[in-house]
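Structure data follow from my_file-v8.cif (mmCIF, C-alpha atoms):
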data_target
loop_
_atom_site.label_atom_id
_atom_site.label_comp_id
_atom_site.auth_asym_id
_atom_site.auth_seq_id
_atom_site.Cartn_x
_atom_site.Cartn_y
_atom_site.Cartn_z
CA MET A 1 2.67 -38.20 -0.14
CA ASN A 2 6.22 -39.53 -0.58
CA TRP A 3 8.65 -37.43 1.37
CA ARG A 4 11.29 -36.00 -0.93
CA TYR A 5 14.24 -33.64 -0.58
CA GLU A 6 12.19 -30.62 -1.66
CA HIS A 7 9.82 -31.24 1.28
CA THR A 8 12.80 -31.19 3.64
CA ALA A 9 13.95 -27.93 2.04
CA LEU A 10 10.46 -26.44 2.43
CA ALA A 11 10.19 -27.49 6.08
CA LEU A 12 13.59 -26.05 6.96
CA CYS A 13 13.03 -22.80 5.03
CA THR A 14 9.76 -22.42 6.96
CA LEU A 15 11.55 -23.09 10.25
CA ALA A 16 14.22 -20.56 9.29
CA PHE A 17 11.53 -17.95 8.60
CA THR A 18 9.93 -18.79 11.94
CA GLY A 19 13.29 -18.33 13.66
CA THR A 20 13.93 -14.92 12.12
CA MET A 21 10.39 -13.81 12.96
CA VAL A 22 10.57 -15.06 16.57
CA ALA A 23 13.65 -12.92 17.20
CA ARG A 24 11.75 -9.81 16.05
CA LEU A 25 8.47 -10.54 17.83
CA VAL A 26 9.86 -11.39 21.29
CA VAL A 27 10.72 -7.75 21.93
CA SER A 28 7.18 -6.31 21.86
CA PRO A 29 5.79 -7.96 25.05
CA LEU A 30 8.95 -6.90 26.92
CA VAL A 31 8.67 -3.18 26.16
CA PRO A 32 7.53 -2.14 29.70
CA GLU A 33 10.59 -3.80 31.27
CA ILE A 34 12.92 -2.31 28.67
CA THR A 35 11.58 1.21 29.14
CA ALA A 36 11.93 0.85 32.92
CA GLU A 37 15.54 -0.36 32.76
CA PHE A 38 16.73 2.36 30.38
CA ASP A 39 14.39 5.01 31.85
CA VAL A 40 13.00 6.01 28.46
CA THR A 41 9.53 6.46 26.97
CA ASN A 42 7.52 3.96 24.99
CA GLY A 43 8.05 6.22 21.99
CA THR A 44 11.82 5.83 22.24
CA VAL A 45 11.63 2.03 22.30
CA GLY A 46 9.01 2.21 19.56
CA LEU A 47 11.44 4.20 17.43
CA ALA A 48 14.03 1.45 17.87
CA LEU A 49 11.50 -1.18 16.82
CA SER A 50 10.45 0.90 13.82
CA GLY A 51 14.10 1.02 12.82
CA MET A 52 14.26 -2.76 13.05
CA TRP A 53 11.26 -3.23 10.74
CA LEU A 54 12.58 -0.61 8.31
CA THR A 55 15.99 -2.27 8.00
CA TYR A 56 14.18 -5.60 7.57
CA ALA A 57 12.27 -4.19 4.61
CA LEU A 58 15.33 -2.53 3.10
CA ALA A 59 17.32 -5.79 3.27
CA GLN A 60 14.93 -7.64 0.96
CA PHE A 61 16.44 -6.42 -2.32
CA PRO A 62 20.14 -6.79 -1.42
CA SER A 63 19.39 -10.29 -0.13
CA GLY A 64 18.15 -11.29 -3.58
CA VAL A 65 21.33 -9.94 -5.18
CA LEU A 66 23.46 -11.83 -2.64
CA GLY A 67 21.50 -15.02 -3.30
CA ASP A 68 22.23 -14.75 -7.03
CA ARG A 69 25.91 -14.11 -6.34
CA PHE A 70 26.65 -16.64 -3.57
CA GLY A 71 23.81 -19.16 -3.69
CA GLU A 72 20.60 -19.27 -1.63
CA ARG A 73 21.84 -21.73 1.01
CA ARG A 74 24.72 -19.50 2.09
CA VAL A 75 22.51 -16.42 2.36
CA ILE A 76 19.80 -18.23 4.36
CA LEU A 77 22.44 -19.55 6.75
CA ALA A 78 23.89 -16.04 7.05
CA ALA A 79 20.40 -14.72 7.83
CA VAL A 80 19.70 -17.23 10.59
CA GLY A 81 23.21 -16.91 12.01
CA ALA A 82 23.08 -13.12 12.00
CA THR A 83 19.67 -13.26 13.68
CA ALA A 84 21.13 -15.35 16.52
CA VAL A 85 24.14 -13.06 16.97
CA ALA A 86 22.02 -9.88 16.85
CA SER A 87 19.60 -11.34 19.42
CA VAL A 88 22.50 -11.97 21.82
CA LEU A 89 23.83 -8.44 21.29
CA LEU A 90 20.34 -6.98 21.77
CA ALA A 91 19.96 -8.84 25.06
CA ALA A 92 23.33 -7.49 26.21
CA SER A 93 22.61 -3.85 25.26
CA PRO A 94 24.25 -1.52 27.79
CA SER A 95 22.23 1.53 26.71
CA ILE A 96 19.16 2.50 24.72
CA LEU A 97 21.40 3.72 21.88
CA ALA A 98 23.07 0.33 21.66
CA PHE A 99 19.64 -1.29 21.86
CA GLY A 100 18.49 0.71 18.83
CA LEU A 101 21.62 -0.12 16.83
CA PHE A 102 21.39 -3.84 17.61
CA ALA A 103 17.67 -3.84 16.81
CA ALA A 104 18.51 -2.37 13.38
CA ALA A 105 21.17 -5.05 12.93
CA LEU A 106 18.59 -7.70 13.80
CA GLY A 107 16.32 -6.32 11.11
CA VAL A 108 19.10 -6.54 8.52
CA GLY A 109 20.04 -10.10 9.46
CA ALA A 110 16.48 -11.38 9.53
CA GLY A 111 15.69 -9.50 6.32
CA LEU A 112 18.24 -11.55 4.35
CA HIS A 113 16.07 -14.67 4.54
CA TYR A 114 12.64 -14.33 2.98
CA SER A 115 13.22 -13.22 -0.61
CA VAL A 116 16.09 -15.68 -1.10
CA ALA A 117 14.19 -18.59 0.44
CA THR A 118 11.13 -17.86 -1.69
CA THR A 119 13.24 -17.86 -4.85
CA PHE A 120 14.91 -21.11 -3.73
CA LEU A 121 11.55 -22.81 -3.13
CA THR A 122 10.19 -21.61 -6.45
CA ARG A 123 13.00 -23.57 -8.11
CA GLN A 124 12.12 -26.69 -6.11
CA PHE A 125 8.35 -26.85 -6.68
CA ASP A 126 6.00 -26.69 -9.65
CA ASP A 127 3.03 -25.83 -7.38
CA THR A 128 4.57 -22.52 -6.39
CA GLY A 129 1.54 -21.13 -4.57
CA ARG A 130 1.32 -24.04 -2.16
CA ALA A 131 5.05 -23.91 -1.38
CA ILE A 132 4.98 -20.16 -0.78
CA GLY A 133 1.85 -20.55 1.35
CA VAL A 134 3.56 -23.08 3.62
CA HIS A 135 6.67 -20.90 3.83
CA VAL A 136 4.71 -17.74 4.66
CA ALA A 137 2.96 -19.65 7.47
CA GLY A 138 6.23 -19.63 9.39
CA GLY A 139 5.62 -15.98 10.29
CA PRO A 140 2.18 -16.43 11.90
CA LEU A 141 3.49 -19.53 13.67
CA ALA A 142 6.08 -17.30 15.33
CA GLY A 143 3.39 -14.73 16.11
CA LEU A 144 1.31 -17.39 17.83
CA ALA A 145 4.08 -18.76 20.03
CA ALA A 146 6.79 -16.13 20.48
CA PRO A 147 5.07 -13.27 22.39
CA PRO A 148 3.59 -15.41 25.21
CA ALA A 149 6.81 -17.44 25.51
CA ALA A 150 8.93 -14.28 25.72
CA ALA A 151 6.54 -12.74 28.24
CA LEU A 152 6.72 -15.87 30.41
CA VAL A 153 10.52 -16.05 30.29
CA GLY A 154 10.82 -12.29 30.81
CA SER A 155 8.53 -12.30 33.85
CA ARG A 156 10.70 -14.90 35.57
CA TYR A 157 14.21 -14.04 34.45
CA GLY A 158 14.05 -10.48 33.10
CA TRP A 159 13.67 -8.94 29.65
CA ARG A 160 17.18 -9.86 28.56
CA ALA A 161 16.41 -13.55 28.95
CA GLY A 162 13.19 -13.02 27.02
CA VAL A 163 15.08 -11.45 24.12
CA LEU A 164 17.55 -14.37 24.17
CA PHE A 165 14.62 -16.64 23.32
CA GLY A 166 15.15 -15.50 19.72
CA ALA A 167 18.71 -16.82 19.71
CA ALA A 168 17.61 -20.04 21.41
CA VAL A 169 15.32 -20.74 18.43
CA ALA A 170 17.72 -19.54 15.71
CA VAL A 171 20.76 -21.62 16.74
CA PRO A 172 19.21 -25.12 16.35
CA VAL A 173 17.49 -24.02 13.13
CA PHE A 174 20.87 -22.91 11.78
CA ALA A 175 22.37 -26.32 12.64
CA LEU A 176 19.48 -28.24 11.04
CA PHE A 177 19.56 -26.16 7.87
CA ALA A 178 23.33 -26.53 7.51
CA TRP A 179 23.03 -30.30 8.03
CA ARG A 180 20.10 -31.15 5.79
CA VAL A 181 19.99 -28.59 2.95
CA ARG A 182 22.35 -29.18 0.04
CA PRO A 183 24.63 -26.46 -1.33
CA THR A 184 23.02 -24.35 -4.05
CA GLU A 185 24.77 -23.03 -7.11
CA PRO A 186 24.68 -19.24 -7.57
CA LEU A 187 22.87 -18.04 -10.67
CA ARG A 188 25.16 -15.05 -11.33
CA PRO A 189 28.47 -15.75 -9.59
CA ASP A 190 30.60 -13.58 -11.85
CA GLN A 191 28.43 -10.54 -12.46
CA PRO A 192 29.79 -7.43 -10.68
CA MET A 193 27.63 -6.41 -7.75
CA GLY A 194 27.52 -2.81 -8.97
CA GLU A 195 25.64 -3.86 -12.10
CA ARG A 196 22.85 -5.33 -9.99
CA PHE A 197 22.29 -1.99 -8.25
CA ALA A 198 22.24 0.11 -11.43
CA ILE A 199 19.21 2.41 -11.28
CA GLY A 200 18.01 1.98 -14.86
CA PRO A 201 17.21 -1.76 -14.76
CA LEU A 202 15.58 -1.43 -11.33
CA VAL A 203 13.27 1.34 -12.52
CA GLU A 204 12.47 -0.65 -15.67
CA LEU A 205 11.45 -3.72 -13.66
CA LEU A 206 9.31 -1.80 -11.18
CA SER A 207 7.62 0.20 -13.94
CA ARG A 208 6.39 -2.81 -15.90
CA PRO A 209 2.59 -2.50 -15.85
CA ARG A 210 1.93 -5.97 -14.41
CA ILE A 211 4.68 -5.64 -11.80
CA LEU A 212 3.48 -2.15 -10.85
CA TYR A 213 -0.11 -3.41 -10.55
CA THR A 214 0.91 -6.38 -8.39
CA THR A 215 3.09 -4.13 -6.22
CA ALA A 216 0.09 -1.88 -5.62
CA LEU A 217 -1.97 -4.89 -4.49
CA ALA A 218 0.84 -6.06 -2.21
CA THR A 219 1.21 -2.56 -0.74
CA MET A 220 -2.47 -2.53 0.23
CA GLY A 221 -2.04 -5.92 1.86
CA ALA A 222 1.17 -4.91 3.65
CA PHE A 223 -0.39 -1.65 4.89
CA THR A 224 -3.28 -3.58 6.39
CA TRP A 225 -1.10 -6.37 7.82
CA GLN A 226 1.23 -3.90 9.54
CA ALA A 227 -1.65 -1.98 11.12
CA THR A 228 -3.36 -5.20 12.25
CA ALA A 229 -0.21 -6.63 13.80
CA SER A 230 0.38 -3.35 15.63
CA PHE A 231 -3.11 -2.50 16.87
CA LEU A 232 -5.56 -5.42 16.77
CA PRO A 233 -5.15 -6.23 20.51
CA THR A 234 -5.59 -2.56 21.41
CA PHE A 235 -8.69 -2.27 19.20
CA LEU A 236 -10.22 -5.35 20.83
CA GLU A 237 -9.53 -4.08 24.33
CA VAL A 238 -10.28 -0.38 23.92
CA GLY A 239 -12.62 -0.39 20.95
CA THR A 240 -14.85 -3.34 21.85
CA GLY A 241 -14.36 -3.39 25.63
CA LEU A 242 -12.95 -6.92 25.89
CA SER A 243 -10.56 -7.79 28.70
CA SER A 244 -6.83 -7.71 28.00
CA ALA A 245 -6.63 -11.49 28.45
CA LEU A 246 -9.46 -12.15 26.00
CA SER A 247 -8.02 -9.64 23.54
CA ALA A 248 -4.66 -11.43 23.70
CA LEU A 249 -6.42 -14.77 23.15
CA LEU A 250 -8.22 -13.47 20.06
CA PHE A 251 -4.94 -12.01 18.79
CA SER A 252 -3.40 -15.48 19.06
CA ALA A 253 -6.45 -16.87 17.23
CA TYR A 254 -5.83 -14.31 14.47
CA PHE A 255 -2.29 -15.61 14.00
CA LEU A 256 -3.55 -19.21 14.10
CA VAL A 257 -6.05 -18.58 11.29
CA HIS A 258 -3.54 -16.42 9.42
CA GLY A 259 -0.91 -19.15 9.47
CA GLY A 260 -3.29 -22.05 8.88
CA THR A 261 -4.91 -20.53 5.79
CA GLN A 262 -1.69 -19.49 4.00
CA PRO A 263 -0.94 -22.96 2.57
CA ILE A 264 -4.61 -23.35 1.63
CA THR A 265 -4.88 -20.08 -0.26
CA GLY A 266 -1.55 -20.76 -1.93
CA SER A 267 -2.68 -24.20 -3.06
CA ILE A 268 -6.04 -22.85 -4.27
CA SER A 269 -4.26 -20.17 -6.27
CA ASP A 270 -2.34 -22.92 -8.10
CA ARG A 271 -5.68 -24.38 -9.17
CA ILE A 272 -8.10 -21.52 -9.81
CA GLY A 273 -5.69 -18.63 -10.35
CA ARG A 274 -3.86 -15.99 -8.31
CA ASP A 275 -6.38 -13.19 -8.84
CA ALA A 276 -9.50 -15.17 -7.96
CA THR A 277 -7.87 -16.35 -4.73
CA ALA A 278 -6.63 -12.87 -3.88
CA MET A 279 -10.15 -11.54 -4.45
CA ALA A 280 -11.46 -14.02 -1.88
CA THR A 281 -8.92 -12.84 0.70
CA MET A 282 -9.74 -9.16 0.06
CA ALA A 283 -13.46 -9.89 0.34
CA ALA A 284 -12.81 -11.59 3.67
CA GLY A 285 -10.99 -8.43 4.74
CA VAL A 286 -13.94 -6.21 3.88
CA LEU A 287 -16.24 -8.45 5.92
CA GLY A 288 -13.74 -8.96 8.74
CA TYR A 289 -12.76 -5.35 9.38
CA GLY A 290 -16.32 -4.23 8.74
CA GLY A 291 -17.50 -6.80 11.27
CA LEU A 292 -15.04 -5.53 13.88
CA VAL A 293 -16.24 -1.97 13.41
CA ALA A 294 -19.89 -3.07 13.61
CA ALA A 295 -19.20 -5.15 16.72
CA ALA A 296 -17.59 -2.16 18.42
CA ALA A 297 -20.23 0.36 17.35
CA LEU A 298 -23.31 -1.77 17.99
CA ASP A 299 -22.04 -3.89 20.89
CA LEU A 300 -22.73 -7.13 19.01
CA GLY A 301 -20.85 -9.30 21.46
CA LEU A 302 -18.05 -11.84 21.49
CA PRO A 303 -19.33 -14.29 18.81
CA VAL A 304 -19.47 -11.59 16.13
CA THR A 305 -16.11 -10.18 17.20
CA ALA A 306 -14.47 -13.61 17.17
CA GLY A 307 -15.93 -14.38 13.74
CA ALA A 308 -14.65 -11.06 12.40
CA VAL A 309 -11.17 -11.80 13.78
CA GLY A 310 -11.23 -15.14 11.93
CA LEU A 311 -12.12 -13.37 8.68
CA VAL A 312 -9.30 -10.89 9.23
CA GLY A 313 -6.90 -13.82 9.68
CA LEU A 314 -8.10 -15.26 6.37
CA ALA A 315 -7.78 -11.86 4.69
CA MET A 316 -4.14 -11.56 5.69
CA SER A 317 -3.33 -14.75 3.77
CA TRP A 318 -3.23 -12.52 0.67
CA GLY A 319 0.53 -13.02 0.66
CA ALA A 320 0.45 -16.53 -0.82
CA PRO A 321 -1.46 -15.72 -4.04
CA ILE A 322 0.00 -12.24 -4.57
CA GLN A 323 3.61 -13.24 -3.95
CA SER A 324 3.06 -16.21 -6.28
CA ARG A 325 1.77 -13.71 -8.84
CA PHE A 326 5.13 -11.91 -8.68
CA MET A 327 6.95 -15.19 -9.29
CA ASP A 328 4.75 -15.90 -12.30
CA LEU A 329 5.71 -12.53 -13.80
CA LEU A 330 9.47 -12.75 -13.19
CA SER A 331 11.83 -14.89 -15.24
CA ASP A 332 14.15 -17.41 -13.58
CA ALA A 333 17.05 -15.00 -13.95
CA GLU A 334 15.09 -12.12 -12.39
CA ARG A 335 13.47 -13.87 -9.44
CA GLY A 336 16.26 -13.50 -6.89
CA ALA A 337 16.93 -9.78 -7.07
CA GLY A 338 13.58 -8.94 -8.71
CA PHE A 339 11.42 -10.40 -5.95
CA GLY A 340 13.64 -8.79 -3.34
CA LEU A 341 13.23 -5.44 -5.07
CA VAL A 342 9.43 -5.54 -5.25
CA ARG A 343 9.27 -6.83 -1.68
CA THR A 344 11.35 -3.91 -0.46
CA ALA A 345 9.12 -1.53 -2.44
CA TYR A 346 5.80 -2.73 -1.04
CA MET A 347 7.05 -3.38 2.50
CA VAL A 348 8.62 0.06 2.93
CA THR A 349 5.46 1.72 1.64
CA GLY A 350 3.13 -0.62 3.52
CA ALA A 351 4.98 0.01 6.78
CA SER A 352 3.12 3.32 6.98
CA GLY A 353 0.06 1.33 8.06
CA SER A 354 1.02 1.54 11.72
CA VAL A 355 1.61 5.30 11.64
CA VAL A 356 -1.51 6.11 9.62
CA VAL A 357 -3.91 3.92 11.57
CA GLY A 358 -2.43 4.99 14.90
CA SER A 359 -2.83 8.65 13.96
CA VAL A 360 -6.40 8.14 12.72
CA SER A 361 -7.31 6.39 15.96
CA ASP A 362 -5.96 9.36 17.96
CA ALA A 363 -7.93 11.82 15.84
CA ALA A 364 -11.19 10.00 15.20
CA GLY A 365 -11.32 6.81 17.28
CA TRP A 366 -10.70 3.12 16.71
CA ALA A 367 -13.90 2.48 14.75
CA VAL A 368 -12.84 4.98 12.08
CA ALA A 369 -9.26 3.65 12.07
CA PHE A 370 -10.34 0.05 11.45
CA GLY A 371 -13.01 1.24 9.06
CA LEU A 372 -10.10 2.62 7.02
CA LEU A 373 -8.64 -0.89 6.82
CA ALA A 374 -11.97 -2.19 5.51
CA CYS A 375 -11.79 0.52 2.83
CA VAL A 376 -8.25 -0.50 1.86
CA MET A 377 -9.40 -4.11 1.45
CA ALA A 378 -12.39 -2.89 -0.58
CA LEU A 379 -10.03 -0.94 -2.84
CA GLY A 380 -7.94 -4.05 -3.38
CA LEU A 381 -11.04 -6.09 -4.18
CA ALA A 382 -12.30 -3.43 -6.60
CA THR A 383 -8.90 -3.27 -8.33
CA LEU A 384 -8.83 -7.04 -8.83
CA THR A 385 -12.45 -7.12 -9.97
CA ALA A 386 -11.90 -4.36 -12.53
CA ASN A 387 -8.89 -6.16 -13.94
CA ARG A 388 -10.92 -9.35 -14.47
CA LEU A 389 -14.20 -7.86 -15.67
CA LEU A 390 -12.73 -5.21 -17.92
CA GLY A 391 -9.94 -7.38 -19.28
CA LEU A 392 -7.25 -4.82 -18.51
CA GLY A 393 -4.51 -7.39 -18.88
CA TYR A 394 -2.67 -6.75 -15.64
#

Can the structure from this file be put into structure tokens for me?
Amino acid sequence: MNWRYEHTALALCTLAFTGTMVARLVVSPLVPEITAEFDVTNGTVGLALSGMWLTYALAQFPSGVLGDRFGERRVILAAVGATAVASVLLAASPSILAFGLFAAALGVGAGLHYSVATTFLTRQFDDTGRAIGVHVAGGPLAGLAAPPAAALVGSRYGWRAGVLFGAAVAVPVFALFAWRVRPTEPLRPDQPMGERFAIGPLVELLSRPRILYTTALATMGAFTWQATASFLPTFLEVGTGLSSALSALLFSAYFLVHGGTQPITGSISDRIGRDATAMATMAAGVLGYGGLVAAAALDLGLPVTAGAVGLVGLAMSWGAPIQSRFMDLLSDAERGAGFGLVRTAYMVTGASGSVVVGSVSDAAGWAVAFGLLACVMALGLATLTANRLLGLGY
């Protein structure tokens, strides 16, 4: 493969996504130290983190509008720069209230990146699925490396130093992106911002049958991803009886498979179609979550559990084909704000995965909670299958 400018752009967009994700993920392993310093409960810190993920989801649509108005390069640089600044402020928080406010600011800053970068890459590549798959892999890469690195730094130098790890990654990424990525022309530099937020056109876009259908698929995927990211280690430790160290190792393996398969599923979707590839990921989810439940209920041992974790990692690569499906359905003029809008819609709704699965586990146990995730994947698979077999045209 001859290295071209678009490959540089893809590599740096992926690094930028990794940087924004690192800053969000370094906080979780430091929660015990944070609660001790501010003398608050886990629930209080959890509320601050929920606020961060909510503002991240809500920023997706405005980021697309800003990208159309000012150009993608400027918005991506603003996202990475804001992530670095918010990480420094978070590390310097004098109180839990300030911590919550700076966490929300971090969510906003990091949330400016993904929709704009995806639109930018779609304009650079014909094989959209492969490009999106590589870009999406930046998130799991952060999930693989950031938590243990933050825990190591935090154990030696305190939680504030661990949180600063996010800024330490974001700053060099900002410099590289500014140096190597060319300025991009805005698509709608003169259109008033108020017009982009008019309710009528937004409702019209979201209510298109194919967009609505794809948003439903993405919501199922986001619901499952959020619950998995929140509770897979706990399920492995409490539900299957594995040690905390082994559970953490399998969680890292989940992120490794998740990140490694994204470019593959994206590339396959360019060749055999978005829906067929998405069906394969949903089927892997049914088998993976079902395997985890069976391993916990029947004490099937480590090999079955590890295999199920691998299938779950493959299942969560649904993002490459389904996000590519959105891009196929949106015109060039709609992709910036349109993709941001649908991403906000399915991420805000899908964020309930943590609350629902956590509540089900409290009421009925971890086997039932993760059995619910298998059912969600089965619903997604059935929806895709019905569309293909019945020729529904979605």

### Residues selected by the PyMOL selection byres ((chain A and resi 369) around 12), written as a PyMOL selection string
chain A and resi 224+227-228+231-232+234-235+239+289-290+292-293+296+353-368+370-376

### Message
Since I can't run it myself right now, could you work out what the PyMOL selection byres ((chain A and resi 269-271) around 12) selects here and report it as a count of residues only?
### Response
36

Given the file shown, enumerate the residues that the PyMOL selection byres ((chain A and resi 250-256) around 8) captures and present them as a PDB file with C-alpha atoms, in the coordinates of the input.
ATOM      1  CA  PRO A 140       2.180 -16.430  11.900  1.00  0.00           C
ATOM      2  CA  LEU A 141       3.490 -19.530  13.670  1.00  0.00           C
ATOM      3  CA  GLY A 143       3.390 -14.730  16.110  1.00  0.00           C
ATOM      4  CA  LEU A 144       1.310 -17.390  17.830  1.00  0.00           C
ATOM      5  CA  LEU A 232      -5.560  -5.420  16.770  1.00  0.00           C
ATOM      6  CA  PRO A 233      -5.150  -6.230  20.510  1.00  0.00           C
ATOM      7  CA  LEU A 246      -9.460 -12.150  26.000  1.00  0.00           C
ATOM      8  CA  SER A 247      -8.020  -9.640  23.540  1.00  0.00           C
ATOM      9  CA  ALA A 248      -4.660 -11.430  23.700  1.00  0.00           C
ATOM     10  CA  LEU A 249      -6.420 -14.770  23.150  1.00  0.00           C
ATOM     11  CA  VAL A 257      -6.050 -18.580  11.290  1.00  0.00           C
ATOM     12  CA  HIS A 258      -3.540 -16.420   9.420  1.00  0.00           C
ATOM     13  CA  GLY A 259      -0.910 -19.150   9.470  1.00  0.00           C
ATOM     14  CA  GLY A 260      -3.290 -22.050   8.880  1.00  0.00           C
ATOM     15  CA  ALA A 306     -14.470 -13.610  17.170  1.00  0.00           C
ATOM     16  CA  VAL A 309     -11.170 -11.800  13.780  1.00  0.00           C
ATOM     17  CA  GLY A 310     -11.230 -15.140  11.930  1.00  0.00           C
ATOM     18  CA  VAL A 312      -9.300 -10.890   9.230  1.00  0.00           C
ATOM     19  CA  GLY A 313      -6.900 -13.820   9.680  1.00  0.00           C
TER      20      GLY A 313
END

### Message
Excluding A:Ser63 and its own-chain neighbours fewer than 6 positions away, which residues fall within 12 Å of it when counting all atoms listed in the file? Please give them as JSON, numbers by chain.
### Response
{"A": [55, 56, 57, 69, 70, 71, 72, 73, 74, 75, 76, 77, 78, 79, 108, 109, 110, 111, 112, 113, 114, 115, 116, 117, 118, 119, 193, 196, 197, 335, 336, 337, 338, 339, 340, 341, 343, 344]}

Output C-alpha atoms for every residue in the selection just made, as a compact mmCIF listing (two decimals), in the frame of the given file.
# COMPACT_ATOMS: atom_id res chain seq x y z
CA THR A 55 15.99 -2.27 8.00
CA TYR A 56 14.18 -5.60 7.57
CA ALA A 57 12.27 -4.19 4.61
CA ARG A 69 25.91 -14.11 -6.34
CA PHE A 70 26.65 -16.64 -3.57
CA GLY A 71 23.81 -19.16 -3.69
CA GLU A 72 20.60 -19.27 -1.63
CA ARG A 73 21.84 -21.73 1.01
CA ARG A 74 24.72 -19.50 2.09
CA VAL A 75 22.51 -16.42 2.36
CA ILE A 76 19.80 -18.23 4.36
CA LEU A 77 22.44 -19.55 6.75
CA ALA A 78 23.89 -16.04 7.05
CA ALA A 79 20.40 -14.72 7.83
CA VAL A 108 19.10 -6.54 8.52
CA GLY A 109 20.04 -10.10 9.46
CA ALA A 110 16.48 -11.38 9.53
CA GLY A 111 15.69 -9.50 6.32
CA LEU A 112 18.24 -11.55 4.35
CA HIS A 113 16.07 -14.67 4.54
CA TYR A 114 12.64 -14.33 2.98
CA SER A 115 13.22 -13.22 -0.61
CA VAL A 116 16.09 -15.68 -1.10
CA ALA A 117 14.19 -18.59 0.44
CA THR A 118 11.13 -17.86 -1.69
CA THR A 119 13.24 -17.86 -4.85
CA MET A 193 27.63 -6.41 -7.75
CA ARG A 196 22.85 -5.33 -9.99
CA PHE A 197 22.29 -1.99 -8.25
CA ARG A 335 13.47 -13.87 -9.44
CA GLY A 336 16.26 -13.50 -6.89
CA ALA A 337 16.93 -9.78 -7.07
CA GLY A 338 13.58 -8.94 -8.71
CA PHE A 339 11.42 -10.40 -5.95
CA GLY A 340 13.64 -8.79 -3.34
CA LEU A 341 13.23 -5.44 -5.07
CA ARG A 343 9.27 -6.83 -1.68
CA THR A 344 11.35 -3.91 -0.46

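A straight line drawn from atom CA of A:Ala170 to atom CA of A:Val348 is 25.1 Å long.
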
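If you look at atom CA of A:Val22 and atom CA of A:Ala161, they are 13.8 Å away from each other.
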
### Message
To one decimal place in Å, what is the distance between atom CA of A:Glu185 and atom CA of A:Cys13?
### Response
16.9 Å

### Task
Show which residues sit within 10 Å of A:Ala382, as a ChimeraX atom specification. Count only C-alpha atoms, and ignore same-chain residues fewer than 4 positions away.
/A:279,282-283,376-378,386-388

### Surrounding residues of A:Ile96 excluding itself and chain neighbours under 5 positions, 9 Å, all atoms listed in the file, as a ChimeraX atom specification
/A:34-35,38-40,44-45,48,101

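Between A:Ala216 and the candidates A:Leu164, A:Ala345, A:Leu66, A:Val134, the tightest atom-to-atom separation, counting all atoms listed in the file, involves A:Ala345.
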
#### Entry: Among the residues A:Trp53, A:Tyr157, A:Phe174, A:Phe326, the one that comes closest to A:Met347 [using all atoms listed in the file]
A:Trp53

#### Entry: Shell around A:Leu152 at 12 Å using all atoms listed in the file, local window under 3 positions removed, as a VMD selection string
chain A and resid 26 29 to 30 145 to 149 155 to 159 161 to 163 165

What's the 7 Å shell around stretch 176-182 of chain A, counting all atoms listed in the file, without same-chain residues fewer than 2 positions away, as a PDB file with C-alpha atoms, in the coordinates of the input?
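Full text of part.pdb as output:
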ATOM      1  CA  ALA A   9      13.950 -27.930   2.040  1.00  0.00           C
ATOM      2  CA  LEU A  12      13.590 -26.050   6.960  1.00  0.00           C
ATOM      3  CA  PRO A 172      19.210 -25.120  16.350  1.00  0.00           C
ATOM      4  CA  VAL A 173      17.490 -24.020  13.130  1.00  0.00           C
ATOM      5  CA  PHE A 174      20.870 -22.910  11.780  1.00  0.00           C
ATOM      6  CA  THR A 184      23.020 -24.350  -4.050  1.00  0.00           C
TER       7      THR A 184
END

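Here the question is which of A:Ala82, A:Ser28, A:Leu58, A:Arg123 gets nearest to A:Glu6 using all atoms listed in the file, and that residue is A:Arg123.
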
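With all atoms listed in the file as the atoms that count, the residue of A:Gly64, A:Glu334, A:Thr385, A:Phe120 with the shortest distance to A:Pro201 is A:Glu334.
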
#### Entry: Residue among A:Pro183, A:Gly19, A:Gly139, A:Pro189 lying closest to A:Ala167, counting all atoms listed in the file
A:Gly19

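Closest approach to A:Gly51 among A:Ala104, A:Gln124, A:Ile211, A:Gly138 is made by A:Ala104 (distances from all atoms listed in the file).
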
Final N, CA and C atoms of stretch 179-185 of chain A as a short mmCIF file (atom, residue, chain, number, x, y, z; two decimals), keeping the file's coordinate frame:
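Now in result-v1.cif:
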data_model
loop_
_atom_site.label_atom_id
_atom_site.label_comp_id
_atom_site.auth_asym_id
_atom_site.auth_seq_id
_atom_site.Cartn_x
_atom_site.Cartn_y
_atom_site.Cartn_z
N TRP A 179 22.87 -28.84 8.10
CA TRP A 179 23.03 -30.30 8.03
C TRP A 179 22.24 -30.91 6.88
N ARG A 180 21.02 -30.44 6.67
CA ARG A 180 20.10 -31.15 5.79
C ARG A 180 19.88 -30.51 4.42
N VAL A 181 20.22 -29.24 4.24
CA VAL A 181 19.99 -28.59 2.95
C VAL A 181 21.28 -28.59 2.14
N ARG A 182 21.18 -29.05 0.91
CA ARG A 182 22.35 -29.18 0.04
C ARG A 182 22.84 -27.81 -0.43
N PRO A 183 24.12 -27.71 -0.74
CA PRO A 183 24.63 -26.46 -1.33
C PRO A 183 23.90 -26.10 -2.61
N THR A 184 23.70 -24.82 -2.84
CA THR A 184 23.02 -24.35 -4.05
C THR A 184 23.99 -23.54 -4.90
N GLU A 185 23.90 -23.75 -6.19
CA GLU A 185 24.77 -23.03 -7.11
C GLU A 185 24.25 -21.61 -7.34
#
